[in-house]
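So this one's start-v9.txt, compact mmCIF, C-alpha atoms:
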# COMPACT_ATOMS: atom_id res chain seq x y z
CA MET A 1 2.02 10.31 -28.71
CA SER A 2 5.05 8.70 -27.11
CA ALA A 3 4.37 5.14 -25.95
CA LYS A 4 7.47 5.37 -23.76
CA LYS A 5 6.22 8.48 -21.93
CA LEU A 6 4.51 7.74 -18.62
CA LEU A 7 2.56 10.32 -16.63
CA ILE A 8 2.01 9.34 -12.98
CA ILE A 9 -0.57 11.39 -11.12
CA GLY A 10 0.15 11.09 -7.41
CA LEU A 11 -2.24 11.46 -4.50
CA VAL A 12 0.83 12.66 -2.56
CA TRP A 13 4.54 13.00 -3.32
CA PRO A 14 5.93 9.54 -2.46
CA GLU A 15 7.35 9.11 1.06
CA PRO A 16 8.94 5.63 1.17
CA THR A 17 10.27 6.30 4.69
CA SER A 18 6.73 7.05 5.92
CA SER A 19 4.52 4.40 4.34
CA ALA A 20 4.35 1.20 2.32
CA ALA A 21 2.39 3.14 -0.32
CA GLY A 22 5.43 5.37 -0.86
CA THR A 23 7.69 2.32 -1.19
CA ARG A 24 5.27 0.74 -3.66
CA MET A 25 5.26 3.86 -5.84
CA ILE A 26 9.08 4.01 -6.00
CA GLN A 27 9.17 0.29 -6.92
CA LEU A 28 6.75 0.95 -9.81
CA ILE A 29 8.77 3.97 -10.96
CA ASP A 30 11.99 1.93 -10.93
CA LEU A 31 10.30 -0.87 -12.88
CA PHE A 32 9.22 1.54 -15.63
CA LEU A 33 12.63 3.27 -15.62
CA SER A 34 14.30 -0.12 -16.15
CA ASN A 35 12.22 -0.36 -19.33
CA ASP A 36 13.47 3.03 -20.58
CA TYR A 37 10.32 5.02 -19.85
CA GLN A 38 10.45 8.78 -19.54
CA ILE A 39 8.46 9.53 -16.38
CA ILE A 40 6.62 12.68 -15.39
CA PHE A 41 5.33 12.64 -11.80
CA ALA A 42 2.54 15.17 -11.28
CA CYS A 43 0.89 15.95 -7.97
CA ALA A 44 -1.38 18.61 -6.46
CA ALA A 45 -0.32 17.95 -2.85
CA LEU A 46 2.31 19.94 -1.00
CA LYS A 47 5.72 18.36 -0.55
CA SER A 48 6.97 17.44 2.90
CA ASP A 49 10.49 17.12 4.31
CA PHE A 50 10.16 13.37 3.71
CA SER A 51 9.11 13.47 0.06
CA PHE A 52 11.32 11.26 -2.10
CA ASP A 53 14.23 12.95 -3.85
CA PHE A 54 14.14 11.95 -7.52
CA THR A 55 17.61 13.37 -8.22
CA GLY A 56 19.56 10.91 -10.33
CA ARG A 57 16.44 9.24 -11.73
CA ASN A 58 14.90 10.10 -15.11
CA VAL A 59 11.79 11.57 -13.45
CA VAL A 60 10.43 15.05 -14.10
CA GLU A 61 8.30 16.57 -11.32
CA HIS A 62 5.31 18.74 -12.14
CA GLU A 63 2.89 20.52 -9.81
CA ILE A 64 -0.76 20.44 -10.85
CA LYS A 65 -4.00 21.87 -9.44
CA LEU A 66 -7.20 20.17 -8.36
CA ASN A 67 -10.40 21.07 -10.23
CA ASP A 68 -8.54 23.23 -12.72
CA SER A 69 -8.56 23.14 -16.51
CA SER A 70 -4.84 23.99 -16.56
CA PHE A 71 -4.37 20.22 -16.15
CA ASN A 72 -6.12 19.68 -19.51
CA SER A 73 -3.60 21.89 -21.31
CA PHE A 74 -0.72 20.22 -19.46
CA VAL A 75 -1.75 16.65 -20.31
CA LYS A 76 -2.66 17.53 -23.90
CA ASP A 77 0.78 19.07 -24.51
CA LEU A 78 2.50 16.17 -22.76
CA ASN A 79 0.53 13.59 -24.75
CA PRO A 80 1.74 10.52 -22.79
CA GLY A 81 1.35 6.95 -24.01
CA LEU A 82 0.55 5.77 -20.47
CA VAL A 83 -1.09 7.44 -17.48
CA LEU A 84 -0.92 5.86 -14.03
CA PHE A 85 -3.39 7.00 -11.34
CA ASP A 86 -2.21 6.70 -7.75
CA ARG A 87 -5.40 5.32 -6.07
CA PHE A 88 -8.98 5.55 -7.24
CA MET A 89 -9.62 9.07 -5.86
CA ILE A 90 -7.03 10.38 -8.31
CA GLU A 91 -8.69 8.55 -11.21
CA GLU A 92 -12.02 10.13 -10.22
CA GLN A 93 -10.42 13.55 -10.14
CA TYR A 94 -8.31 13.43 -13.32
CA GLY A 95 -9.42 10.39 -15.32
CA TRP A 96 -12.10 12.19 -17.32
CA ARG A 97 -9.66 15.00 -18.18
CA VAL A 98 -7.12 12.43 -19.43
CA GLN A 99 -9.86 10.66 -21.41
CA GLN A 100 -10.92 13.96 -22.98
CA GLU A 101 -7.44 15.18 -23.97
CA CYS A 102 -5.55 11.89 -24.53
CA PRO A 103 -8.18 9.25 -25.42
CA ASP A 104 -5.53 6.84 -26.77
CA ALA A 105 -3.37 6.83 -23.63
CA LEU A 106 -3.29 3.55 -21.71
CA LYS A 107 -4.89 4.24 -18.30
CA ILE A 108 -3.51 2.26 -15.35
CA LEU A 109 -4.91 2.41 -11.82
CA ASP A 110 -2.65 1.49 -8.91
CA THR A 111 -5.20 0.59 -6.24
CA GLU A 112 -2.56 0.32 -3.43
CA ASP A 113 -5.17 -1.72 -1.58
CA LEU A 114 -8.94 -1.89 -1.89
CA HIS A 115 -10.13 1.08 0.14
CA PHE A 116 -13.71 -0.21 0.31
CA LEU A 117 -12.51 -3.51 1.79
CA ARG A 118 -10.44 -1.81 4.48
CA ASN A 119 -13.32 0.55 5.29
CA ALA A 120 -15.90 -2.27 5.46
CA ARG A 121 -13.71 -4.19 7.90
CA GLU A 122 -13.17 -1.10 10.03
CA GLN A 123 -16.94 -0.44 10.23
CA SER A 124 -17.54 -4.09 11.09
CA ILE A 125 -15.08 -3.96 14.02
CA LYS A 126 -16.34 -0.63 15.34
CA LYS A 127 -20.05 -1.43 15.03
CA GLN A 128 -19.71 -5.14 15.84
CA THR A 129 -21.67 -6.06 12.72
CA ALA A 130 -21.06 -8.39 9.76
CA THR A 131 -18.68 -7.08 7.09
CA ASP A 132 -20.68 -5.41 4.30
CA LEU A 133 -18.58 -4.95 1.17
CA PHE A 134 -21.42 -3.59 -0.97
CA SER A 135 -21.04 0.05 0.05
CA ASP A 136 -21.11 3.37 -1.80
CA LEU A 137 -17.31 3.40 -1.50
CA ALA A 138 -17.21 0.03 -3.28
CA LYS A 139 -19.36 1.46 -6.09
CA ARG A 140 -16.96 4.36 -6.53
CA GLU A 141 -13.80 2.26 -6.39
CA ILE A 142 -15.05 -0.48 -8.71
CA ALA A 143 -16.36 2.13 -11.15
CA SER A 144 -12.83 3.53 -11.21
CA ILE A 145 -11.41 0.04 -11.86
CA LEU A 146 -13.87 -0.45 -14.73
CA ARG A 147 -13.02 2.94 -16.28
CA SER A 148 -9.30 2.08 -16.28
CA ASP A 149 -7.66 -0.14 -18.87
CA LEU A 150 -5.72 -2.04 -16.20
CA SER A 151 -5.78 -2.01 -12.41
CA LEU A 152 -2.83 -3.17 -10.34
CA ILE A 153 -3.88 -5.34 -7.39
CA ILE A 154 -1.35 -5.97 -4.62
CA SER A 155 -3.14 -8.91 -2.94
CA GLU A 156 -4.38 -12.26 -4.26
CA ALA A 157 -7.22 -12.08 -1.72
CA GLU A 158 -8.34 -8.81 -3.32
CA MET A 159 -8.10 -10.34 -6.80
CA LYS A 160 -10.48 -13.04 -5.60
CA ILE A 161 -12.95 -10.56 -4.06
CA LEU A 162 -13.06 -8.50 -7.27
CA THR A 163 -13.43 -11.43 -9.67
CA GLN A 164 -15.69 -13.67 -7.57
CA GLN A 165 -17.87 -11.36 -5.49
CA PHE A 166 -18.03 -8.39 -7.84
CA LYS A 167 -17.60 -10.29 -11.14
CA VAL A 168 -14.91 -7.91 -12.41
CA ASP A 169 -13.32 -9.37 -15.53
CA GLY A 170 -9.77 -10.58 -14.85
CA SER A 171 -8.59 -9.10 -18.17
CA ILE A 172 -8.62 -5.60 -16.62
CA LEU A 173 -6.79 -6.67 -13.43
CA HIS A 174 -3.13 -7.48 -12.87
CA TYR A 175 -1.67 -9.00 -9.70
CA LEU A 176 1.50 -7.12 -8.84
CA PRO A 177 2.72 -7.48 -5.23
CA PHE A 178 5.65 -5.68 -3.60
CA LEU A 179 8.73 -6.12 -5.80
CA GLU A 180 11.67 -7.16 -3.63
CA GLU A 181 15.28 -8.11 -4.16
CA GLU A 182 16.07 -11.71 -3.26
CA ILE A 183 17.50 -12.46 0.19
CA THR A 184 20.79 -14.29 -0.52
CA PRO A 185 22.66 -16.46 2.03
CA GLU A 186 25.28 -13.68 2.18
CA ILE A 187 22.66 -11.09 3.16
CA ALA A 188 21.15 -13.39 5.81
CA ALA A 189 24.61 -14.10 7.27
CA ASP A 190 24.98 -10.38 8.05
CA TRP A 191 21.77 -10.13 10.09
CA ILE A 192 22.05 -9.22 13.77
CA PRO A 193 21.92 -12.53 15.68
CA PHE A 194 19.34 -13.58 18.29
CA GLU A 195 21.63 -12.88 21.26
CA GLN A 196 22.32 -9.29 20.19
CA ARG A 197 18.67 -8.34 19.68
CA ALA A 198 16.27 -7.08 22.32
CA ASP A 199 12.66 -5.92 22.73
CA PHE A 200 9.43 -6.03 20.80
CA VAL A 201 8.60 -3.52 18.08
CA PHE A 202 5.65 -2.19 16.09
CA ILE A 203 5.96 0.18 13.15
CA GLY A 204 3.34 1.95 11.03
CA ASN A 205 2.26 5.29 9.61
CA PHE A 206 -0.25 6.80 12.07
CA LEU A 207 -2.26 8.53 9.34
CA HIS A 208 -3.38 4.97 8.55
CA GLU A 209 -6.29 4.06 10.85
CA PRO A 210 -5.48 0.30 11.11
CA ASN A 211 -2.07 1.21 12.60
CA TRP A 212 -3.55 3.49 15.25
CA ASN A 213 -6.08 0.78 16.14
CA THR A 214 -3.26 -1.80 16.38
CA VAL A 215 -1.29 0.36 18.82
CA GLN A 216 -4.38 0.66 21.02
CA THR A 217 -4.78 -3.14 20.95
CA LEU A 218 -1.13 -3.54 21.94
CA LYS A 219 -1.45 -1.02 24.75
CA ASN A 220 -4.72 -2.32 26.21
CA SER A 221 -4.84 -6.04 25.43
CA ILE A 222 -1.39 -7.45 24.58
CA TRP A 223 1.31 -5.60 26.46
CA PRO A 224 -0.18 -5.73 30.01
CA ALA A 225 -0.09 -9.56 29.87
CA LEU A 226 3.14 -9.84 27.88
CA ARG A 227 5.34 -7.57 30.00
CA LYS A 228 4.51 -9.56 33.15
CA LYS A 229 5.96 -12.69 31.52
CA ILE A 230 9.07 -10.96 30.11
CA PRO A 231 9.67 -8.10 32.57
CA GLY A 232 13.02 -7.10 31.04
CA ALA A 233 11.63 -6.33 27.58
CA ASN A 234 10.41 -3.03 26.14
CA LEU A 235 7.75 -2.45 23.48
CA ASN A 236 8.96 0.24 21.07
CA ILE A 237 6.33 1.85 18.82
CA TYR A 238 7.64 3.57 15.68
CA GLY A 239 5.65 5.46 13.07
CA SER A 240 5.49 8.68 11.10
CA TYR A 241 2.89 11.36 11.82
CA ALA A 242 2.34 10.43 15.47
CA SER A 243 -0.27 12.84 16.85
CA GLN A 244 -0.76 13.87 20.48
CA LYS A 245 -3.25 11.04 21.04
CA VAL A 246 -0.53 8.56 20.02
CA LEU A 247 2.27 10.22 22.00
CA GLN A 248 0.23 10.28 25.22
CA LEU A 249 0.06 6.45 25.23
CA GLU A 250 3.73 6.29 26.25
CA ASN A 251 4.32 4.86 29.72
CA LYS A 252 7.97 4.51 30.70
CA LYS A 253 7.14 2.60 33.89
CA GLU A 254 5.30 0.00 31.79
CA LYS A 255 8.17 0.01 29.24
CA PHE A 256 5.75 1.08 26.49
CA PHE A 257 7.63 3.63 24.37
CA ILE A 258 6.40 5.84 21.51
CA LYS A 259 9.51 6.49 19.42
CA GLY A 260 8.02 8.42 16.49
CA ARG A 261 9.40 8.23 12.97
CA ALA A 262 12.07 5.65 12.17
CA GLN A 263 14.67 7.17 9.84
CA ASN A 264 15.17 3.74 8.29
CA ALA A 265 12.41 1.17 8.92
CA ARG A 266 14.52 -1.88 8.06
CA GLU A 267 17.47 -0.81 10.15
CA THR A 268 15.15 -0.16 13.11
CA LEU A 269 13.38 -3.52 12.75
CA SER A 270 16.72 -5.32 12.45
CA GLN A 271 17.65 -4.37 16.05
CA HIS A 272 14.55 -5.96 17.57
CA LYS A 273 13.66 -9.56 18.29
CA ILE A 274 10.01 -9.59 17.25
CA LEU A 275 7.52 -7.43 15.37
CA LEU A 276 4.13 -7.49 17.14
CA ALA A 277 1.18 -6.55 14.91
CA PRO A 278 -2.27 -7.61 16.20
CA ILE A 279 -3.96 -5.92 13.22
CA GLN A 280 -7.77 -5.94 13.56
CA PHE A 281 -8.75 -4.56 10.17
CA GLY A 282 -7.13 -3.52 6.92
CA ALA A 283 -6.58 -4.63 3.33
CA GLY A 284 -3.80 -5.13 0.81
CA VAL A 285 -0.50 -6.55 2.00
CA LYS A 286 1.52 -5.00 4.79
CA GLY A 287 4.87 -3.40 4.04
CA LYS A 288 5.97 -3.71 7.67
CA PHE A 289 6.14 -7.52 7.34
CA ILE A 290 8.13 -7.27 4.11
CA ASP A 291 10.60 -4.95 5.86
CA ALA A 292 10.81 -7.29 8.87
CA MET A 293 11.45 -10.38 6.72
CA GLN A 294 14.12 -8.50 4.77
CA VAL A 295 16.15 -8.06 7.97
CA GLY A 296 15.35 -11.40 9.60
CA THR A 297 12.88 -10.18 12.22
CA PRO A 298 10.09 -12.72 12.96
CA SER A 299 6.56 -11.46 13.65
CA VAL A 300 3.34 -12.34 15.40
CA THR A 301 0.16 -11.08 13.74
CA THR A 302 -3.49 -11.87 12.98
CA GLN A 303 -5.23 -13.46 9.98
CA ILE A 304 -6.00 -9.97 8.63
CA GLY A 305 -2.36 -8.94 9.13
CA ALA A 306 -0.98 -11.94 7.25
CA GLU A 307 -3.76 -12.01 4.64
CA ALA A 308 -2.55 -13.00 1.16
CA MET A 309 1.09 -12.56 2.15
CA LYS A 310 2.38 -16.11 2.59
CA GLY A 311 0.35 -18.18 0.12
CA GLU A 312 0.84 -21.86 1.01
CA LEU A 313 4.08 -21.16 2.90
CA ASP A 314 4.54 -20.99 6.68
CA TRP A 315 4.51 -17.58 8.37
CA ASN A 316 7.77 -16.18 9.76
CA GLY A 317 6.45 -16.47 13.29
CA PHE A 318 2.81 -16.94 14.26
CA VAL A 319 -0.63 -15.95 12.93
CA GLU A 320 -3.06 -15.82 15.85
CA ASP A 321 -6.40 -14.03 16.32
CA ASN A 322 -7.01 -15.07 19.93
CA LEU A 323 -5.25 -12.38 21.98
CA GLN A 324 -4.37 -14.68 24.90
CA THR A 325 -2.75 -17.19 22.52
CA PHE A 326 -1.14 -14.25 20.70
CA VAL A 327 0.66 -13.38 23.95
CA GLU A 328 1.72 -17.01 24.56
CA LYS A 329 3.13 -17.38 21.03
CA SER A 330 5.00 -14.06 21.38
CA ILE A 331 6.65 -15.28 24.59
CA ALA A 332 7.68 -18.58 22.98
CA LEU A 333 9.15 -16.84 19.95
CA TYR A 334 11.00 -14.29 22.10
CA THR A 335 12.62 -16.85 24.40
CA ASP A 336 13.27 -19.87 22.16
CA LYS A 337 16.26 -19.34 19.84
CA ALA A 338 15.57 -22.46 17.74
CA LEU A 339 11.95 -21.40 17.17
CA TRP A 340 13.05 -17.84 16.37
CA THR A 341 15.72 -18.99 13.88
CA SER A 342 13.22 -21.31 12.17
CA ALA A 343 10.77 -18.38 11.81
CA GLN A 344 13.54 -16.25 10.30
CA ILE A 345 14.19 -18.87 7.59
CA LYS A 346 10.45 -18.96 6.74
CA GLY A 347 10.59 -15.21 6.12
CA VAL A 348 13.39 -15.73 3.60
CA GLN A 349 11.24 -18.29 1.77
CA ILE A 350 8.24 -15.91 1.65
CA ILE A 351 10.30 -13.03 0.21
CA ASN A 352 12.19 -15.15 -2.32
CA GLN A 353 9.22 -17.17 -3.55
CA ARG A 354 6.39 -14.63 -3.40
CA TYR A 355 7.89 -11.13 -3.75
CA ASN A 356 10.96 -11.66 -5.91
CA LEU A 357 11.10 -8.75 -8.34
CA HIS A 358 12.37 -11.02 -11.10
CA HIS A 359 9.30 -13.26 -10.88
CA PHE A 360 6.98 -10.38 -11.80
CA ALA A 361 8.83 -7.71 -13.78
CA ALA A 362 8.93 -9.40 -17.21
CA ASP A 363 5.31 -10.53 -17.04
CA PHE A 364 4.10 -7.03 -16.15
CA THR A 365 6.16 -5.41 -18.90
CA SER A 366 4.82 -7.88 -21.42
CA ARG A 367 1.23 -7.18 -20.28
CA ILE A 368 1.73 -3.44 -20.78
CA ASN A 369 3.23 -3.95 -24.24
CA ASP A 370 0.33 -6.22 -25.28
CA LEU A 371 -2.23 -3.65 -24.14
CA LEU A 372 -0.48 -0.84 -26.00
CA THR A 373 -0.71 -2.81 -29.26
CA GLN A 374 -4.31 -4.05 -28.74
CA LEU A 375 -5.93 -1.19 -26.84
CA THR A 376 -8.98 -0.80 -29.07
CA THR A 377 -9.88 -4.49 -28.82
CA HIS A 378 -9.17 -4.50 -25.09
CA ARG A 379 -11.56 -1.58 -24.56
CA GLN A 380 -14.27 -3.18 -26.68
CA ASN A 381 -14.04 -6.25 -24.44
CA ASN A 382 -14.51 -3.99 -21.41
CA PHE A 383 -17.69 -2.33 -22.64
CA PHE A 384 -18.92 -1.55 -19.11
CA GLY A 385 -15.81 0.60 -18.82
CA GLN A 386 -16.80 2.47 -21.98
CA ILE A 387 -20.26 3.05 -20.53
CA LEU A 388 -18.76 4.50 -17.34
CA ASN A 389 -16.40 6.68 -19.38
CA HIS A 390 -19.35 8.10 -21.31
CA GLN A 391 -19.75 11.75 -20.41
CA ALA A 392 -23.48 11.47 -19.72
CA ILE A 393 -22.91 9.64 -16.43
CA GLN A 394 -19.70 11.24 -15.25
CA HIS A 395 -20.88 13.09 -12.16
CA THR A 396 -17.27 13.52 -10.98
CA LYS A 397 -16.55 15.54 -14.11
CA TYR A 398 -19.43 17.94 -13.57
CA MET A 399 -18.69 18.27 -9.85
CA SER A 400 -15.10 19.20 -10.73
CA LEU A 401 -16.21 21.73 -13.37
CA TRP A 402 -18.66 23.26 -10.88
CA ILE A 403 -15.92 23.64 -8.26
CA GLU A 404 -13.60 25.18 -10.85
CA GLU A 405 -16.27 27.69 -11.87
CA LYS A 406 -17.02 28.52 -8.25
CA ASN A 407 -13.30 29.11 -7.55
CA LYS A 408 -13.15 31.67 -10.35
CA HIS A 409 -15.71 33.86 -8.60
CA LYS A 410 -14.15 33.85 -5.15

Hey, can you dump this file as structure tokens for me?
Amino acid sequence: MSAKKLLIIGLVWPEPTSSAAGTRMIQLIDLFLSNDYQIIFACAALKSDFSFDFTGRNVVEHEIKLNDSSFNSFVKDLNPGLVLFDRFMIEEQYGWRVQQECPDALKILDTEDLHFLRNAREQSIKKQTATDLFSDLAKREIASILRSDLSLIISEAEMKILTQQFKVDGSILHYLPFLEEEITPEIAADWIPFEQRADFVFIGNFLHEPNWNTVQTLKNSIWPALRKKIPGANLNIYGSYASQKVLQLENKKEKFFIKGRAQNARETLSQHKILLAPIQFGAGVKGKFIDAMQVGTPSVTTQIGAEAMKGELDWNGFVEDNLQTFVEKSIALYTDKALWTSAQIKGVQIINQRYNLHHFAADFTSRINDLLTQLTTHRQNNFFGQILNHQAIQHTKYMSLWIEEKNKHK
């Protein structure tokens, strides 16, 4: 077994131009590559025109099948020292096969964000009920976290929910936010100035339900009031995978434009004055704000939007849940250069103090190395994980084997 061989099993082929999840995956890959890992990226999904091109990186691509024992042969021959699952659904699907063929491999789960948290908040908004975290989805996702040797958590708020509400032991969790390059004074000096920017912007992958909901909030609750106060401004909505229901929201007369996919999110955000994101539900941390801060674009969002992103620092704009006040703050930020410039500087502080790659890389590498040398002890300390890995209660395994058998007789 090669400790420096990492198998990543992807839910999809990474698309950093389409989603924050794609950006996150490339950041993780680059972090492992910088530590001389040989990486094999395996995925059962079809590639798209926007799938990341790994040319020039030491990454081997491999297509795999769902519910198929050919994966067992593949992983056994590969015999990796580490296996990283891209979201809990992938751990459910392949984790037991990895456990069976490579029991000594270190199993890492990249949660992306807590799916059960996002879902609970969505249900709460739609049904107008209290948020109930203790769902069947939570049972599945936390079982996956317990079965893994280490789970990567992107948000401090999610770390708190797991350790305090669900009593998950912190020894199997690792806080690893987005990993960003520092914004230097030289970089900031090159940003497009206040006078040369125009319009409001929103950006987000439309396959992600919180983004679609946010665009509806902008269309129905924010923009009608905002455009009356700043009649010269447009609201430009960018996002990959815009369906017909999204496209039909465009109204040129109201200066509400659906622009579709941005070829380069940061470049697009850099042209605009303000990112508007009245996010009503979601989880994790939002890549759109990272991108905006990286190009000096202030934002106005909600508590859920800004959750866990700024720590004790000031937001690069405003955090406001009341939609009327949201509009007022957006107007102030759009029209007041001093306020706008001050917000821009706060974004620099957030990136440099909370997402600086160099603050997190060494600590994460050291954690991985420690686990590789003490894996037996680590697993004994996580006995609930051993229970969940026991074949007698692995319903996902038997469901997968049943589907595989059924497919043979089609």

request  = May I ask which of the residues A:Lys76, A:Arg57, A:Arg147, A:Arg266 is the closest one to Lys288 (chain A), counting only C-alpha atoms?
outcome  = A:Arg266

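Reported to one decimal place, the separation of CA of Phe134 (chain A) from CA of Gln165 (chain A) is 9.7 Å.
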
inquiry  = Rounded to one decimal, what separation in Å do you get between CA of Val215 (chain A) and CA of Lys346 (chain A)?
reply    = 25.6 Å

Around all the atoms of region 270-276 of chain A listed in the file, with 5 Å of room on each side, what axis-aligned box do you get, giving centre and edge lengths in Å to one decimal, as JSON?
{"center_x": 10.9, "center_y": -7.0, "center_z": 15.4, "size_x": 23.5, "size_y": 15.2, "size_z": 15.8}

request  = Rank nothing, just name the residue among A:Asp86, A:Asp68, A:Asp363, A:Asp336 nearest to Ile403 (chain A), using only C-alpha atoms.
outcome  = A:Asp68

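Interatomic distance, CA of Lys259 (chain A) to CA of Gly317 (chain A): 24.0 Å.
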
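In this comparison, which uses only C-alpha atoms, the residue of A:Leu276, A:Ala262, A:Ala283, A:Leu114 approaching Phe326 (chain A) most closely is A:Leu276.
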
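Distances to Lys273 (chain A) were evaluated for A:Asp370, A:Glu195, A:Asp291, A:Glu209 using all atoms listed in the file, and the minimum falls at A:Glu195.
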
Within 10 Å of region 36-50 of chain A: each region 66-117 of chain A residue with its shortest pair, only C-alpha atoms, as a Markdown table:
| residue | atom | partner | partner_atom | distance |
| --- | --- | --- | --- | --- |
| A:Leu66 | CA | A:Ala44 | CA | 6.3 |
| A:Phe71 | CA | A:Ala42 | CA | 9.8 |
| A:Leu78 | CA | A:Ile40 | CA | 9.1 |
| A:Pro80 | CA | A:Ile40 | CA | 9.1 |
| A:Leu82 | CA | A:Ile39 | CA | 9.7 |
| A:Val83 | CA | A:Ile40 | CA | 9.6 |
| A:Leu84 | CA | A:Phe41 | CA | 9.5 |
| A:Asp86 | CA | A:Cys43 | CA | 9.8 |
| A:Ile90 | CA | A:Cys43 | CA | 9.7 |

Spatial neighbours of Ala130 (chain A), max dist 10 Å, all atoms listed in the file, sep filter under 5 positions, as an MDAnalysis selection string = chainID A and resid 120:121 123:125

Written file, previous selection with C-alpha atoms, as a compact mmCIF listing (two decimals), in the frame of the given file:
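Once everything was written out, this is again.txt:
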# COMPACT_ATOMS: atom_id res chain seq x y z
CA ALA A 120 -15.90 -2.27 5.46
CA ARG A 121 -13.71 -4.19 7.90
CA GLN A 123 -16.94 -0.44 10.23
CA SER A 124 -17.54 -4.09 11.09
CA ILE A 125 -15.08 -3.96 14.02

request  = Would you kindly return, as number ranges by chain, each protein, DNA or RNA residue with an atom no farther than 9 Å from any atom of region 72-75 of chain A, considering only C-alpha atoms and excluding same-chain residues fewer than 5 positions away?
outcome  = A: 7, 64, 80, 97-98, 100-102

Neighbour list for Ala188 (chain A) as a list of chain:residue names, cut-off 12 Å, only C-alpha atoms, skip fewer than 4 positions in-chain = A:Glu182, A:Ile183, A:Thr184, A:Ile192, A:Pro193, A:Ser270, A:Met293, A:Gln294, A:Val295, A:Gly296, A:Thr297, A:Thr341, A:Gln344, A:Ile345, A:Gly347, A:Val348, A:Gln349
